[in-house]
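Below you'll find the structure, written out as structure tokens, and then a few comments.
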Amino acid sequence: MQPTATVLVYSDDANTREQVRLATGRRPAPDVPVVEFVECATPAAVIRELDKGGIDVCVLDGEAVPMGGMGLCRQIKDEIFQAPPVLLLIGRPQDAWLATWSRAEAAVTLPVDPAEFASALASLLRSRRLQSA
């Protein structure tokens, strides 16, 4: 049985969640585990899933409503003990400073560029694996 990584994807937009799944494929890089997704459309669902544990990386939509991924990321970093790394989906490259404010470990722009996204996600999965080793 292969090891898996669990990636939480938060967006109120089903198309954005689909872009993330398609850009990831079965695994974002050959040296990281196969990915399983937990999809959330509300901030409350994200917090519930994180409280359960077992999430390796969060992908949060900075453009989501009613609560954007940046504010949610900051809340996660403040409230969740040993919060998983966060990959933030931002609307424009100029918003990268907001990703830093939110304490996200990485950010990519929307619409999702499959190569850029997979590279960023794989990097976070590698760092998470090193932290837990």
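Residue numbering restarts at 1 in every chain; chains get A, B, ... in the order shown in the structure tokens, and ligands count up from 1 in that same order.
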
- Task: Please give the complete set of residues from stretch 16-72 of chain A that DSSP, run on the backbone, assigns to alpha helix (DSSP H), formatted as number ranges by chain.
- Result: A: 16-24, 43-52, 69-72

Residues of the last selection are to be written out with N, CA and C atoms, as an mmCIF file, in the first residue's frame.
data_model
loop_
_atom_site.group_PDB
_atom_site.id
_atom_site.type_symbol
_atom_site.label_atom_id
_atom_site.label_comp_id
_atom_site.auth_asym_id
_atom_site.auth_seq_id
_atom_site.Cartn_x
_atom_site.Cartn_y
_atom_site.Cartn_z
ATOM 1 N N THR A 16 -13.035 26.145 -9.058
ATOM 2 C CA THR A 16 -11.692 26.356 -8.501
ATOM 3 C C THR A 16 -11.196 25.077 -7.843
ATOM 4 N N ARG A 17 -12.065 24.407 -7.097
ATOM 5 C CA ARG A 17 -11.658 23.138 -6.478
ATOM 6 C C ARG A 17 -11.288 22.120 -7.558
ATOM 7 N N GLU A 18 -12.032 22.124 -8.656
ATOM 8 C CA GLU A 18 -11.730 21.212 -9.750
ATOM 9 C C GLU A 18 -10.379 21.557 -10.393
ATOM 10 N N GLN A 19 -10.087 22.837 -10.583
ATOM 11 C CA GLN A 19 -8.792 23.248 -11.133
ATOM 12 C C GLN A 19 -7.644 22.707 -10.286
ATOM 13 N N VAL A 20 -7.805 22.756 -8.971
ATOM 14 C CA VAL A 20 -6.772 22.254 -8.053
ATOM 15 C C VAL A 20 -6.608 20.746 -8.226
ATOM 16 N N ARG A 21 -7.711 20.022 -8.255
ATOM 17 C CA ARG A 21 -7.642 18.561 -8.427
ATOM 18 C C ARG A 21 -6.977 18.192 -9.749
ATOM 19 N N LEU A 22 -7.364 18.864 -10.826
ATOM 20 C CA LEU A 22 -6.811 18.554 -12.145
ATOM 21 C C LEU A 22 -5.329 18.922 -12.236
ATOM 22 N N ALA A 23 -4.932 20.036 -11.633
ATOM 23 C CA ALA A 23 -3.528 20.448 -11.667
ATOM 24 C C ALA A 23 -2.651 19.497 -10.858
ATOM 25 N N THR A 24 -3.215 18.904 -9.825
ATOM 26 C CA THR A 24 -2.465 17.977 -8.972
ATOM 27 C C THR A 24 -2.348 16.603 -9.613
ATOM 28 N N PRO A 43 -15.801 28.103 5.577
ATOM 29 C CA PRO A 43 -14.741 28.197 6.589
ATOM 30 C C PRO A 43 -14.984 27.252 7.773
ATOM 31 N N ALA A 44 -16.239 27.092 8.176
ATOM 32 C CA ALA A 44 -16.550 26.202 9.295
ATOM 33 C C ALA A 44 -16.141 24.765 8.978
ATOM 34 N N ALA A 45 -16.352 24.341 7.746
ATOM 35 C CA ALA A 45 -15.967 22.982 7.344
ATOM 36 C C ALA A 45 -14.449 22.820 7.392
ATOM 37 N N VAL A 46 -13.717 23.854 7.014
ATOM 38 C CA VAL A 46 -12.243 23.804 7.069
ATOM 39 C C VAL A 46 -11.780 23.590 8.501
ATOM 40 N N ILE A 47 -12.296 24.384 9.413
ATOM 41 C CA ILE A 47 -11.898 24.282 10.827
ATOM 42 C C ILE A 47 -12.258 22.905 11.383
ATOM 43 N N ARG A 48 -13.438 22.398 11.039
ATOM 44 C CA ARG A 48 -13.844 21.054 11.484
ATOM 45 C C ARG A 48 -12.852 19.998 11.011
ATOM 46 N N GLU A 49 -12.476 20.056 9.737
ATOM 47 C CA GLU A 49 -11.534 19.076 9.184
ATOM 48 C C GLU A 49 -10.156 19.191 9.836
ATOM 49 N N LEU A 50 -9.698 20.410 10.057
ATOM 50 C CA LEU A 50 -8.392 20.593 10.689
ATOM 51 C C LEU A 50 -8.402 20.111 12.140
ATOM 52 N N ASP A 51 -9.520 20.305 12.823
ATOM 53 C CA ASP A 51 -9.638 19.811 14.202
ATOM 54 C C ASP A 51 -9.570 18.289 14.263
ATOM 55 N N LYS A 52 -10.044 17.612 13.215
ATOM 56 C CA LYS A 52 -9.968 16.148 13.154
ATOM 57 C C LYS A 52 -8.528 15.675 13.024
ATOM 58 N N GLY A 69 -9.524 33.130 1.630
ATOM 59 C CA GLY A 69 -8.496 32.229 2.123
ATOM 60 C C GLY A 69 -7.406 32.916 2.913
ATOM 61 N N MET A 70 -7.162 34.215 2.656
ATOM 62 C CA MET A 70 -6.113 34.915 3.402
ATOM 63 C C MET A 70 -6.498 35.072 4.864
ATOM 64 N N GLY A 71 -7.700 35.538 5.112
ATOM 65 C CA GLY A 71 -8.168 35.681 6.490
ATOM 66 C C GLY A 71 -8.276 34.334 7.175
ATOM 67 N N LEU A 72 -8.749 33.331 6.430
ATOM 68 C CA LEU A 72 -8.871 31.988 6.989
ATOM 69 C C LEU A 72 -7.496 31.413 7.317
#

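Around stretch 63-67 of chain A, within 8 Å and counting only C-alpha atoms, the residues found are Ser11, Asp12, Asp13, Pro43, Leu72, Leu89, Ile90 and Gly91 of chain A, once anything fewer than 5 positions away on its own chain is removed.
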
Keeping C-alpha atoms, export the residues of the selection given above as an mmCIF file, in the first residue's frame.
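Saved as selection_36.cif:
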data_model
loop_
_atom_site.group_PDB
_atom_site.id
_atom_site.type_symbol
_atom_site.label_atom_id
_atom_site.label_comp_id
_atom_site.auth_asym_id
_atom_site.auth_seq_id
_atom_site.Cartn_x
_atom_site.Cartn_y
_atom_site.Cartn_z
ATOM 1 C CA SER A 11 -13.165 27.368 -2.135
ATOM 2 C CA ASP A 12 -16.809 28.295 -2.424
ATOM 3 C CA ASP A 13 -16.369 27.783 -6.185
ATOM 4 C CA PRO A 43 -14.741 28.197 6.589
ATOM 5 C CA LEU A 72 -8.871 31.988 6.989
ATOM 6 C CA LEU A 89 -4.635 30.902 -4.422
ATOM 7 C CA ILE A 90 -4.479 34.643 -5.110
ATOM 8 C CA GLY A 91 -6.254 36.772 -7.696
#

- Distance query stretch 6-9 of chain A at most 9 Å, only C-alpha atoms, self and fewer than 5 positions along chain excluded, as a VMD selection string: chain A and resid 17 20 to 21 34 to 41 46 49 to 50 54 to 61

Okay, now the selection with C-alpha atoms, as a short mmCIF file (atom, residue, chain, number, x, y, z; two decimals), in the first residue's frame?
data_model
loop_
_atom_site.label_atom_id
_atom_site.label_comp_id
_atom_site.auth_asym_id
_atom_site.auth_seq_id
_atom_site.Cartn_x
_atom_site.Cartn_y
_atom_site.Cartn_z
CA ARG A 17 -11.66 23.14 -6.48
CA VAL A 20 -6.77 22.25 -8.05
CA ARG A 21 -7.64 18.56 -8.43
CA VAL A 34 -0.35 10.06 -3.95
CA VAL A 35 -2.80 12.83 -2.98
CA GLU A 36 -6.25 12.40 -1.47
CA PHE A 37 -8.47 15.48 -1.35
CA VAL A 38 -10.79 16.81 1.31
CA GLU A 39 -12.94 19.52 -0.22
CA CYS A 40 -14.55 22.28 1.82
CA ALA A 41 -16.86 25.06 0.65
CA VAL A 46 -12.24 23.80 7.07
CA GLU A 49 -11.53 19.08 9.18
CA LEU A 50 -8.39 20.59 10.69
CA GLY A 54 -4.57 14.27 9.32
CA ILE A 55 -4.35 17.18 6.85
CA ASP A 56 -0.89 17.50 5.27
CA VAL A 57 -1.40 20.70 3.25
CA CYS A 58 -4.21 23.25 2.89
CA VAL A 59 -5.00 24.94 -0.41
CA LEU A 60 -7.11 28.03 0.30
CA ASP A 61 -8.85 30.25 -2.25
#

- Excluding A:Leu98 and any residue of its chain fewer than 4 positions from it, enumerate the residues within 10 Å of it, using only C-alpha atoms, and give them as a PyMOL selection string. chain A and resi 62+70-71+88+90+94+102-104+107

For A:Pro28, list every protein, DNA or RNA residue within 7 Å, evaluated using only C-alpha atoms, and leave out those in the same chain fewer than 4 positions away; present the list as a CSV table (one decimal) with N, CA and C atoms, in the first residue's frame.
chain,number,residue,atom,x,y,z
A,24,THR,N,-3.2,18.9,-9.8
A,24,THR,CA,-2.5,18.0,-9.0
A,24,THR,C,-2.3,16.6,-9.6
A,118,ALA,N,1.5,22.6,-9.3
A,118,ALA,CA,2.0,21.3,-8.9
A,118,ALA,C,3.4,21.4,-8.2
A,119,SER,N,4.2,22.3,-8.7
A,119,SER,CA,5.5,22.5,-8.1
A,119,SER,C,5.4,23.1,-6.7
A,121,LEU,N,2.8,22.8,-4.6
A,121,LEU,CA,2.2,21.8,-3.8
A,121,LEU,C,3.2,20.7,-3.4
A,122,ALA,N,4.0,20.3,-4.4
A,122,ALA,CA,5.0,19.3,-4.1
A,122,ALA,C,6.0,19.8,-3.1

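Using only C-alpha atoms, the residues found no farther than 9 Å from A:Arg92, other than those of its own chain fewer than 4 positions away, are Ala96, Val108, Thr109 and Leu110 of chain A.
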
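With only C-alpha atoms as the atoms that count, the minimum distance from A:Arg74 to the choices A:Ser127, A:Thr42, A:Thr100, A:Asn15 is reached by A:Thr100.
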
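Here atom CA of A:Ala83 is placed at a distance of 14.2 Å from atom CA of A:Ala106.
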
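Using only C-alpha atoms, the smallest distance between any of A:Pro3, A:Pro111, A:Pro84, A:Gly68 and A:Asp31 comes from A:Pro3.
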
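Between atom CA of A:Ala14 and atom CA of A:Asp78 the separation is 27.1 Å.
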
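Put simply, atom CA of A:Glu79 is 28.0 Å away from atom CA of A:Val112.
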
- Task: Within chain A, find each residue whose DSSP state, derived from the backbone, is strand (DSSP E), and express the selection as a list in words.
- Result: Thr4, Ala5, Thr6, Val7, Leu8, Val9, Tyr10, Val34, Val35, Glu36, Phe37, Val38, Glu39, Cys40, Val57, Cys58, Val59, Leu60, Asp61, Val86, Leu87, Leu88, Leu89, Ile90, Ala106, Ala107, Val108 and Thr109 of chain A

- Query: Which one of A:Ala5, A:Cys73, A:Ala29, A:Leu87 sits closest to A:Glu105 if you count only C-alpha atoms?
  - Reply: A:Leu87
